[in-house]
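To start, the structure under review is shown below, and the notes come after it.
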Number of protein chains: 6
Amino acid sequence: MSEMENPYERGKELADAHNPGLEEALEARYGTLLPGMPQDLISFVYGQHYDRPGLSLRDRSLATIAALTALGGQTAPQLRIHIEGGLNAGLSRTEIAEAIWQMSLYGGFPAAINALNVALDVLKERSETGL
Amino acid sequence: MSEMENPYERGKELADAHNPGLEEALEARYGTLLPGMPQDLISFVYGQHYDRPGLSLRDRSLATIAALTALGGQTAPQLRIHIEGGLNAGLSRTEIAEAIWQMSLYGGFPAAINALNVALDVLKERSETGL
Amino acid sequence: MSEMENPYERGKELADAHNPGLEEALEARYGTLLPGMPQDLISFVYGQHYDRPGLSLRDRSLATIAALTALGGQTAPQLRIHIEGGLNAGLSRTEIAEAIWQMSLYGGFPAAINALNVALDVLKERSETGL
Amino acid sequence: MSEMENPYERGKELADAHNPGLEEALEARYGTLLPGMPQDLISFVYGQHYDRPGLSLRDRSLATIAALTALGGQTAPQLRIHIEGGLNAGLSRTEIAEAIWQMSLYGGFPAAINALNVALDVLKERSETGL
Amino acid sequence: MSEMENPYERGKELADAHNPGLEEALEARYGTLLPGMPQDLISFVYGQHYDRPGLSLRDRSLATIAALTALGGQTAPQLRIHIEGGLNAGLSRTEIAEAIWQMSLYGGFPAAINALNVALDVLKERSETGL
Amino acid sequence: MSEMENPYERGKELADAHNPGLEEALEARYGTLLPGMPQDLISFVYGQHYDRPGLSLRDRSLATIAALTALGGQTAPQLRIHIEGGLNAGLSRTEIAEAIWQMSLYGGFPAAINALNVALDVLKERSETGL
């Protein structure tokens with residue numbers, strides 16, 4: 001069970017590479033109310049999911065963007081983060097836009113349109129900052 | 001607007017390749033109650049989505065499997081079809097399982113577990129039939 | 001506040017007309033575990049909603065069928081009841097089918113297709129029983 | 001299959017009548033990222049749904065308002081558009097309010113209350129502009 | 001059926017104790033468009049649910065906070081009210097935070113994180129006002 | 001960070017007490033397709049959630065039952081497990097039924113009724129087996 005031994009450390013390494021300062025931000029915001037929650041989140045999300053072999057980080061981003069689009073509702077803040085992450089992991093702008101638009105088939109048009117608006121915001125910001 | 005000109009014909013070609021007999025099945029089941037619905041579905045789903053350039057069919061399958069998992073609820077029949085389709089489009093068993101399990105982060109554990117059960121059923125059937 | 005005075009009695013009258021035996025069935029099934037629940041349900045659902053002026057029963061059925069379709073998931077048993085009710089309240093088979101199919105725009109294709117299957121079952125049963 | 005032949009043209013005519021400038025607005029916003037998407041949306045939503053015979057535009061608006069209310073979440077922008085559209089298609093203020101409030105039964109009270117708030121905003125704006 | 005006789009009066013008493021001015025606020029906002037709706041809401045929500053014996057008000061608050069978190073989407077305004085109500089009914093800050101965080105298992109991480117943010121806002125406001 | 005050190009071992013102990021054989025069952029079913037998944041699930045669900053201090057196991061069960069009811073859809077298998085677990089953790093039959101019925105306010109009547117049906121099944125089975 002060596003793979004189990006340290007999900008937090010594996011997750012921490014991945015989080016630091018892709019989202020520097022995440023643990024500190026979570027700690028500052030949620031750590032007093034929920035002791036250990038920042039470490040648990042990093043351990044489970046990054047160590048026990050995104051760091052798993054068998055599906056590339058680029059593909060994991062694609063799957064997440066599709067799901068957050070289809071779920072709609074309150075996921076805009078997370079969708080923004082994962083569109084950024086997906087671009088960093090190798091997804092093209094077009095691939096992201098196509099995956100979101102395809103979700104009109106499964107989550108309905110309002111979900112797809114609202115997620116496209118989030119994507120346009122992210123892309124505009126990156127253009128303005130030269131990314 | 002040449003791309004617009006015939007979404008039904010483009011969709012029909014793709015549907016025939018991946019899902020032979022689909023239009024006839026839709027026609028037999030829904031065509032009397034909803035005239036034209038089978039053609040509209042093929043036109044929109046296959047011609048105006050899955051046949052679009054910019055995202056591979058393999059990636060479209062991955063996005064759909066992730067979204068149907070996260071949506072949960074009544075999507076089991078569609079999930080089954082898209083797991084089959086994803087395997088045919090080049091996704092490995094592991095990639096599909098990883099994408100589904102990752103959805104525990106966004107759609108919750110019940111959604112992920114129930115979709116894994118659908119995947120296990122599909123994989124078992126394919127093993128038994130030598131696929 | 002005369003309209004408020006007896007929602008249960010107004011609801012009971014409407015329920016008896018459209019769904020004879022409902023209170024007894026609810027009582028037998030849920031009344032021991034949840035005393036008063038059958039009366040509360042009849043009071044709220046029938047007395048304080050379906051019996052309200054301002055929207056016809058036919059239109060209320062249409063709205064309900066659309067919503068249950070879009071919500072998808074576990075609503076099949078309720079959808080079946082409301083398709084029956086809608087036919088009794090004056091909706092045509094075509095109107096019901098069109099409203100359901102239109103929900104592919106808002107609830108996605110799986111939701112619309114699964115609800116169409118419920119509608120086909122109801123219509124088939126009514127044909128067989130001469131309704 | 002003459003009905004199939006030109007869903008885009010049928011949709012375009014309906015969209016122009018009810019929502020002038022829609023295609024141009026979609027093109028300006030999404031057309032570069034997703035070529036053809038504005039035409040596909042008009043073709044499918046307007047040409048292959050709202051323009052279908054069998055259910056009146058007024059009834060289609062009612063069904064959509066009910067569904068968007070019940071779905072809740074991110075649908076406020078779309079709900080606003082469809083309440084406007086429903087009033088234009090012949091629904092009364094009362095009918096719209098009643099349909100929304102009835103959705104407390106199926107989508108829960110938060111969904112119904114939040115949609116009523118959207119309706120009040122739309123009605124207030126129309127009063128102020130003399131509609 | 002004495003328990004049925006006056007759900008409005010029982011609900012009114014409970015609403016006045018926990019949410020003074022609620023009926024007047026509902027009446028001013030929704031009463032013209034939907035006559036009787038404020039009374040129906042108080043009757044059903046307070047009289048026929050929160051006032052029922054068999055589950056304490058503190059436990060009802062806990063159940064509601066968990067459900068609104070898991071549903072996500074548009075429930076932030078209602079969640080805020082019920083976190084306030086739960087604190088008043090005896091839930092500790094920690095119990096509320098733990099229940100919300102646990103919902104990452106069932107409604108996904110975006111739902112849990114967004115609800116934690118609502119809770120932090122409520123707790124901060126109460127600290128500032130000396131509650 | 002001693003609390004972080006071994007979420008799997010803490011989770012395993014809790015899982016063994018409440019759900020003996022769980023890891024073996026997960027391993028047999030999902031372990032080949034998703035190596036380490038059974039351990040990750042036990043670590044996160046049991047070690048990093050249900051074993052946390054700050055909210056009693058009885059209250060965690062109540063929160064989960066409420067959320068699974070409101071989410072509706074595909075959660076019936078999980079709801080069944082948590083109703084069992086809630087009874088074992090000290091919730092009364094009435095408390096469970098009341099929490100479920102209250103969810104008609106947030107998840108709608110179909111969600112509440114369907115969950116009540118699951119609860120009735122569980123209670124009936126326990127009666128028959130003398131629990």
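Here's how to read the names in the structure tokens: chain A, B, ... by the order shown, residue numbers from 1 in each chain, ligand numbers from 1 in the order shown.
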- [ ] Enumerate as a list in words the residues belonging to chain C that approach chain B to within 9 Å, with only C-alpha atoms taken into account.
- [x] Gly72, Gly73, Gln74, Arg93, Thr94, Ala97, Glu98, Trp101, Phe109, Pro110, Ala111, Asn114, Leu116, Asn117 and Leu120 of chain C
Could you turn the residues from that selection into a file that holds N, CA, C and O atoms, as a PDB file, in the first residue's frame?
ATOM      1  N   GLY C  72     -35.555  15.835 -14.384  1.00  0.00           N
ATOM      2  CA  GLY C  72     -35.048  14.500 -14.628  1.00  0.00           C
ATOM      3  C   GLY C  72     -34.971  13.697 -13.349  1.00  0.00           C
ATOM      4  O   GLY C  72     -35.771  13.841 -12.435  1.00  0.00           O
ATOM      5  N   GLY C  73     -33.978  12.835 -13.307  1.00  0.00           N
ATOM      6  CA  GLY C  73     -33.716  12.078 -12.102  1.00  0.00           C
ATOM      7  C   GLY C  73     -34.865  11.204 -11.675  1.00  0.00           C
ATOM      8  O   GLY C  73     -35.343  10.351 -12.414  1.00  0.00           O
ATOM      9  N   GLN C  74     -35.304  11.418 -10.481  1.00  0.00           N
ATOM     10  CA  GLN C  74     -36.214  10.474  -9.843  1.00  0.00           C
ATOM     11  C   GLN C  74     -37.683  10.799 -10.085  1.00  0.00           C
ATOM     12  O   GLN C  74     -38.545  10.281  -9.403  1.00  0.00           O
ATOM     13  N   ARG C  93     -52.155  14.738 -26.755  1.00  0.00           N
ATOM     14  CA  ARG C  93     -50.931  13.928 -26.770  1.00  0.00           C
ATOM     15  C   ARG C  93     -49.783  14.712 -27.409  1.00  0.00           C
ATOM     16  O   ARG C  93     -48.647  14.644 -26.948  1.00  0.00           O
ATOM     17  N   THR C  94     -50.103  15.405 -28.479  1.00  0.00           N
ATOM     18  CA  THR C  94     -49.060  16.158 -29.176  1.00  0.00           C
ATOM     19  C   THR C  94     -48.522  17.277 -28.298  1.00  0.00           C
ATOM     20  O   THR C  94     -47.308  17.507 -28.242  1.00  0.00           O
ATOM     21  N   ALA C  97     -46.164  15.777 -25.799  1.00  0.00           N
ATOM     22  CA  ALA C  97     -44.916  15.325 -26.421  1.00  0.00           C
ATOM     23  C   ALA C  97     -44.038  16.517 -26.815  1.00  0.00           C
ATOM     24  O   ALA C  97     -42.809  16.487 -26.633  1.00  0.00           O
ATOM     25  N   GLU C  98     -44.665  17.555 -27.348  1.00  0.00           N
ATOM     26  CA  GLU C  98     -43.883  18.737 -27.754  1.00  0.00           C
ATOM     27  C   GLU C  98     -43.242  19.421 -26.550  1.00  0.00           C
ATOM     28  O   GLU C  98     -42.085  19.851 -26.603  1.00  0.00           O
ATOM     29  N   TRP C 101     -40.261  17.274 -25.415  1.00  0.00           N
ATOM     30  CA  TRP C 101     -39.132  17.332 -26.351  1.00  0.00           C
ATOM     31  C   TRP C 101     -38.428  18.699 -26.283  1.00  0.00           C
ATOM     32  O   TRP C 101     -37.203  18.794 -26.357  1.00  0.00           O
ATOM     33  N   PHE C 109     -30.627  16.365 -23.435  1.00  0.00           N
ATOM     34  CA  PHE C 109     -31.265  15.282 -24.178  1.00  0.00           C
ATOM     35  C   PHE C 109     -31.606  14.070 -23.320  1.00  0.00           C
ATOM     36  O   PHE C 109     -32.678  13.476 -23.504  1.00  0.00           O
ATOM     37  N   PRO C 110     -30.743  13.644 -22.404  1.00  0.00           N
ATOM     38  CA  PRO C 110     -31.135  12.467 -21.606  1.00  0.00           C
ATOM     39  C   PRO C 110     -32.454  12.706 -20.862  1.00  0.00           C
ATOM     40  O   PRO C 110     -33.321  11.830 -20.845  1.00  0.00           O
ATOM     41  N   ALA C 111     -32.609  13.880 -20.276  1.00  0.00           N
ATOM     42  CA  ALA C 111     -33.847  14.181 -19.559  1.00  0.00           C
ATOM     43  C   ALA C 111     -35.055  14.117 -20.489  1.00  0.00           C
ATOM     44  O   ALA C 111     -36.098  13.549 -20.139  1.00  0.00           O
ATOM     45  N   ASN C 114     -35.729  10.385 -21.733  1.00  0.00           N
ATOM     46  CA  ASN C 114     -36.302   9.532 -20.687  1.00  0.00           C
ATOM     47  C   ASN C 114     -37.747   9.903 -20.391  1.00  0.00           C
ATOM     48  O   ASN C 114     -38.577   9.028 -20.145  1.00  0.00           O
ATOM     49  N   LEU C 116     -39.836  11.262 -22.572  1.00  0.00           N
ATOM     50  CA  LEU C 116     -40.631  10.778 -23.717  1.00  0.00           C
ATOM     51  C   LEU C 116     -40.967   9.302 -23.544  1.00  0.00           C
ATOM     52  O   LEU C 116     -42.070   8.864 -23.888  1.00  0.00           O
ATOM     53  N   ASN C 117     -40.028   8.548 -23.015  1.00  0.00           N
ATOM     54  CA  ASN C 117     -40.304   7.122 -22.797  1.00  0.00           C
ATOM     55  C   ASN C 117     -41.421   6.917 -21.779  1.00  0.00           C
ATOM     56  O   ASN C 117     -42.262   6.028 -21.944  1.00  0.00           O
ATOM     57  N   LEU C 120     -44.643   7.719 -23.665  1.00  0.00           N
ATOM     58  CA  LEU C 120     -45.049   6.629 -24.569  1.00  0.00           C
ATOM     59  C   LEU C 120     -45.695   5.491 -23.782  1.00  0.00           C
ATOM     60  O   LEU C 120     -46.684   4.902 -24.241  1.00  0.00           O
TER      61      LEU C 120
END
Mind fitting chain C to chain D by least squares on all Cα atoms in order and giving back the moved coordinates as a PDB file with C-alpha atoms, in the first residue's frame?
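This went into selection-v4.pdb:
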ATOM      1  CA  MET C   1     -38.520  15.631 -45.427  1.00  0.00           C
ATOM      2  CA  SER C   2     -39.403  19.115 -46.579  1.00  0.00           C
ATOM      3  CA  GLU C   3     -39.874  20.217 -42.995  1.00  0.00           C
ATOM      4  CA  MET C   4     -36.232  19.391 -42.306  1.00  0.00           C
ATOM      5  CA  GLU C   5     -34.929  21.278 -45.276  1.00  0.00           C
ATOM      6  CA  ASN C   6     -34.232  24.557 -43.707  1.00  0.00           C
ATOM      7  CA  PRO C   7     -34.418  24.738 -39.954  1.00  0.00           C
ATOM      8  CA  TYR C   8     -31.996  27.637 -39.932  1.00  0.00           C
ATOM      9  CA  GLU C   9     -34.185  29.771 -42.203  1.00  0.00           C
ATOM     10  CA  ARG C  10     -37.331  28.971 -40.281  1.00  0.00           C
ATOM     11  CA  GLY C  11     -35.534  29.639 -37.018  1.00  0.00           C
ATOM     12  CA  LYS C  12     -34.027  32.862 -38.313  1.00  0.00           C
ATOM     13  CA  GLU C  13     -37.441  34.204 -39.239  1.00  0.00           C
ATOM     14  CA  LEU C  14     -38.866  33.419 -35.797  1.00  0.00           C
ATOM     15  CA  ALA C  15     -35.808  34.786 -33.999  1.00  0.00           C
ATOM     16  CA  ASP C  16     -35.914  38.007 -36.016  1.00  0.00           C
ATOM     17  CA  ALA C  17     -39.561  38.483 -35.107  1.00  0.00           C
ATOM     18  CA  HIS C  18     -39.130  37.899 -31.379  1.00  0.00           C
ATOM     19  CA  ASN C  19     -35.546  38.690 -30.684  1.00  0.00           C
ATOM     20  CA  PRO C  20     -34.232  41.076 -33.358  1.00  0.00           C
ATOM     21  CA  GLY C  21     -30.451  41.241 -33.496  1.00  0.00           C
ATOM     22  CA  LEU C  22     -29.942  37.881 -31.771  1.00  0.00           C
ATOM     23  CA  GLU C  23     -27.766  36.306 -34.451  1.00  0.00           C
ATOM     24  CA  GLU C  24     -25.569  39.374 -34.684  1.00  0.00           C
ATOM     25  CA  ALA C  25     -25.178  39.486 -30.911  1.00  0.00           C
ATOM     26  CA  LEU C  26     -24.293  35.789 -30.739  1.00  0.00           C
ATOM     27  CA  GLU C  27     -21.896  36.185 -33.658  1.00  0.00           C
ATOM     28  CA  ALA C  28     -20.122  39.110 -32.053  1.00  0.00           C
ATOM     29  CA  ARG C  29     -19.759  37.332 -28.743  1.00  0.00           C
ATOM     30  CA  TYR C  30     -19.214  33.659 -29.611  1.00  0.00           C
ATOM     31  CA  GLY C  31     -18.669  33.477 -33.371  1.00  0.00           C
ATOM     32  CA  THR C  32     -14.890  33.691 -33.384  1.00  0.00           C
ATOM     33  CA  LEU C  33     -14.389  31.086 -30.685  1.00  0.00           C
ATOM     34  CA  LEU C  34     -17.109  28.773 -32.019  1.00  0.00           C
ATOM     35  CA  PRO C  35     -17.643  29.283 -35.774  1.00  0.00           C
ATOM     36  CA  GLY C  36     -21.193  28.453 -36.792  1.00  0.00           C
ATOM     37  CA  MET C  37     -22.498  28.253 -33.236  1.00  0.00           C
ATOM     38  CA  PRO C  38     -24.889  31.232 -33.585  1.00  0.00           C
ATOM     39  CA  GLN C  39     -26.453  29.667 -36.679  1.00  0.00           C
ATOM     40  CA  ASP C  40     -26.659  26.252 -35.028  1.00  0.00           C
ATOM     41  CA  LEU C  41     -28.346  27.692 -31.968  1.00  0.00           C
ATOM     42  CA  ILE C  42     -30.903  29.581 -34.056  1.00  0.00           C
ATOM     43  CA  SER C  43     -31.473  26.518 -36.178  1.00  0.00           C
ATOM     44  CA  PHE C  44     -32.032  24.171 -33.255  1.00  0.00           C
ATOM     45  CA  VAL C  45     -33.706  26.377 -30.648  1.00  0.00           C
ATOM     46  CA  TYR C  46     -35.913  28.443 -32.933  1.00  0.00           C
ATOM     47  CA  GLY C  47     -36.207  26.359 -36.100  1.00  0.00           C
ATOM     48  CA  GLN C  48     -36.438  22.902 -34.622  1.00  0.00           C
ATOM     49  CA  HIS C  49     -38.262  23.718 -31.367  1.00  0.00           C
ATOM     50  CA  TYR C  50     -40.128  26.988 -30.973  1.00  0.00           C
ATOM     51  CA  ASP C  51     -41.285  26.977 -34.597  1.00  0.00           C
ATOM     52  CA  ARG C  52     -42.703  23.445 -34.449  1.00  0.00           C
ATOM     53  CA  PRO C  53     -46.452  23.067 -34.809  1.00  0.00           C
ATOM     54  CA  GLY C  54     -48.396  21.192 -32.136  1.00  0.00           C
ATOM     55  CA  LEU C  55     -47.833  23.522 -29.171  1.00  0.00           C
ATOM     56  CA  SER C  56     -48.487  27.250 -29.242  1.00  0.00           C
ATOM     57  CA  LEU C  57     -45.722  29.759 -28.622  1.00  0.00           C
ATOM     58  CA  ARG C  58     -47.631  30.905 -25.534  1.00  0.00           C
ATOM     59  CA  ASP C  59     -47.642  27.375 -24.181  1.00  0.00           C
ATOM     60  CA  ARG C  60     -43.984  26.859 -25.052  1.00  0.00           C
ATOM     61  CA  SER C  61     -43.161  29.987 -23.048  1.00  0.00           C
ATOM     62  CA  LEU C  62     -45.144  28.687 -20.102  1.00  0.00           C
ATOM     63  CA  ALA C  63     -43.334  25.350 -20.205  1.00  0.00           C
ATOM     64  CA  THR C  64     -39.956  27.057 -20.392  1.00  0.00           C
ATOM     65  CA  ILE C  65     -40.657  29.430 -17.514  1.00  0.00           C
ATOM     66  CA  ALA C  66     -41.747  26.509 -15.342  1.00  0.00           C
ATOM     67  CA  ALA C  67     -38.677  24.459 -16.212  1.00  0.00           C
ATOM     68  CA  LEU C  68     -36.165  27.265 -15.735  1.00  0.00           C
ATOM     69  CA  THR C  69     -37.720  28.010 -12.346  1.00  0.00           C
ATOM     70  CA  ALA C  70     -37.533  24.393 -11.226  1.00  0.00           C
ATOM     71  CA  LEU C  71     -33.964  23.973 -12.459  1.00  0.00           C
ATOM     72  CA  GLY C  72     -32.967  27.012 -10.452  1.00  0.00           C
ATOM     73  CA  GLY C  73     -29.290  27.694 -10.266  1.00  0.00           C
ATOM     74  CA  GLN C  74     -27.807  29.651 -13.074  1.00  0.00           C
ATOM     75  CA  THR C  75     -30.919  30.143 -15.162  1.00  0.00           C
ATOM     76  CA  ALA C  76     -31.794  33.699 -14.072  1.00  0.00           C
ATOM     77  CA  PRO C  77     -30.555  35.380 -17.274  1.00  0.00           C
ATOM     78  CA  GLN C  78     -32.550  32.947 -19.421  1.00  0.00           C
ATOM     79  CA  LEU C  79     -35.600  33.172 -17.169  1.00  0.00           C
ATOM     80  CA  ARG C  80     -35.632  36.932 -17.613  1.00  0.00           C
ATOM     81  CA  ILE C  81     -35.666  36.537 -21.407  1.00  0.00           C
ATOM     82  CA  HIS C  82     -38.456  33.974 -21.327  1.00  0.00           C
ATOM     83  CA  ILE C  83     -40.654  35.980 -18.968  1.00  0.00           C
ATOM     84  CA  GLU C  84     -40.368  38.858 -21.426  1.00  0.00           C
ATOM     85  CA  GLY C  85     -41.088  36.467 -24.263  1.00  0.00           C
ATOM     86  CA  GLY C  86     -44.028  34.909 -22.472  1.00  0.00           C
ATOM     87  CA  LEU C  87     -45.661  38.280 -21.875  1.00  0.00           C
ATOM     88  CA  ASN C  88     -45.192  39.074 -25.558  1.00  0.00           C
ATOM     89  CA  ALA C  89     -46.671  35.687 -26.502  1.00  0.00           C
ATOM     90  CA  GLY C  90     -49.852  36.285 -24.529  1.00  0.00           C
ATOM     91  CA  LEU C  91     -49.225  35.026 -20.998  1.00  0.00           C
ATOM     92  CA  SER C  92     -50.627  37.324 -18.313  1.00  0.00           C
ATOM     93  CA  ARG C  93     -48.571  38.520 -15.361  1.00  0.00           C
ATOM     94  CA  THR C  94     -50.734  36.392 -13.114  1.00  0.00           C
ATOM     95  CA  GLU C  95     -50.272  33.264 -15.197  1.00  0.00           C
ATOM     96  CA  ILE C  96     -46.510  33.664 -15.075  1.00  0.00           C
ATOM     97  CA  ALA C  97     -46.497  34.313 -11.330  1.00  0.00           C
ATOM     98  CA  GLU C  98     -48.766  31.330 -10.666  1.00  0.00           C
ATOM     99  CA  ALA C  99     -46.643  28.980 -12.751  1.00  0.00           C
ATOM    100  CA  ILE C 100     -43.505  30.083 -10.932  1.00  0.00           C
ATOM    101  CA  TRP C 101     -45.032  29.787  -7.475  1.00  0.00           C
ATOM    102  CA  GLN C 102     -46.379  26.323  -8.317  1.00  0.00           C
ATOM    103  CA  MET C 103     -42.787  25.221  -8.886  1.00  0.00           C
ATOM    104  CA  SER C 104     -42.239  25.366  -5.110  1.00  0.00           C
ATOM    105  CA  LEU C 105     -43.812  21.896  -5.267  1.00  0.00           C
ATOM    106  CA  TYR C 106     -41.225  20.473  -7.640  1.00  0.00           C
ATOM    107  CA  GLY C 107     -38.082  22.561  -7.392  1.00  0.00           C
ATOM    108  CA  GLY C 108     -38.450  23.665  -3.772  1.00  0.00           C
ATOM    109  CA  PHE C 109     -39.099  27.044  -2.174  1.00  0.00           C
ATOM    110  CA  PRO C 110     -35.692  28.630  -2.831  1.00  0.00           C
ATOM    111  CA  ALA C 111     -36.090  27.997  -6.562  1.00  0.00           C
ATOM    112  CA  ALA C 112     -39.613  29.450  -6.605  1.00  0.00           C
ATOM    113  CA  ILE C 113     -38.777  32.504  -4.527  1.00  0.00           C
ATOM    114  CA  ASN C 114     -35.688  33.359  -6.545  1.00  0.00           C
ATOM    115  CA  ALA C 115     -37.628  33.074  -9.800  1.00  0.00           C
ATOM    116  CA  LEU C 116     -40.416  35.259  -8.419  1.00  0.00           C
ATOM    117  CA  ASN C 117     -37.780  37.886  -7.734  1.00  0.00           C
ATOM    118  CA  VAL C 118     -36.679  37.750 -11.361  1.00  0.00           C
ATOM    119  CA  ALA C 119     -40.310  38.099 -12.461  1.00  0.00           C
ATOM    120  CA  LEU C 120     -40.861  41.098 -10.200  1.00  0.00           C
ATOM    121  CA  ASP C 121     -37.796  42.767 -11.713  1.00  0.00           C
ATOM    122  CA  VAL C 122     -39.045  42.203 -15.249  1.00  0.00           C
ATOM    123  CA  LEU C 123     -42.540  43.452 -14.434  1.00  0.00           C
ATOM    124  CA  LYS C 124     -41.159  46.529 -12.690  1.00  0.00           C
ATOM    125  CA  GLU C 125     -38.996  47.395 -15.685  1.00  0.00           C
ATOM    126  CA  ARG C 126     -41.891  47.023 -18.073  1.00  0.00           C
ATOM    127  CA  SER C 127     -44.084  49.214 -15.876  1.00  0.00           C
ATOM    128  CA  GLU C 128     -41.417  51.890 -15.810  1.00  0.00           C
ATOM    129  CA  THR C 129     -41.015  51.804 -19.566  1.00  0.00           C
ATOM    130  CA  GLY C 130     -44.773  51.860 -20.114  1.00  0.00           C
ATOM    131  CA  LEU C 131     -45.096  48.312 -21.459  1.00  0.00           C
TER     132      LEU C 131
END
- [ ] Within chain A, find each residue whose DSSP state, derived from the backbone, is alpha helix (DSSP H), and express the selection as a PyMOL selection string.
- [x] chain A and resi 7-18+22-30+37-41+57-71+76-88+93-102+109-128
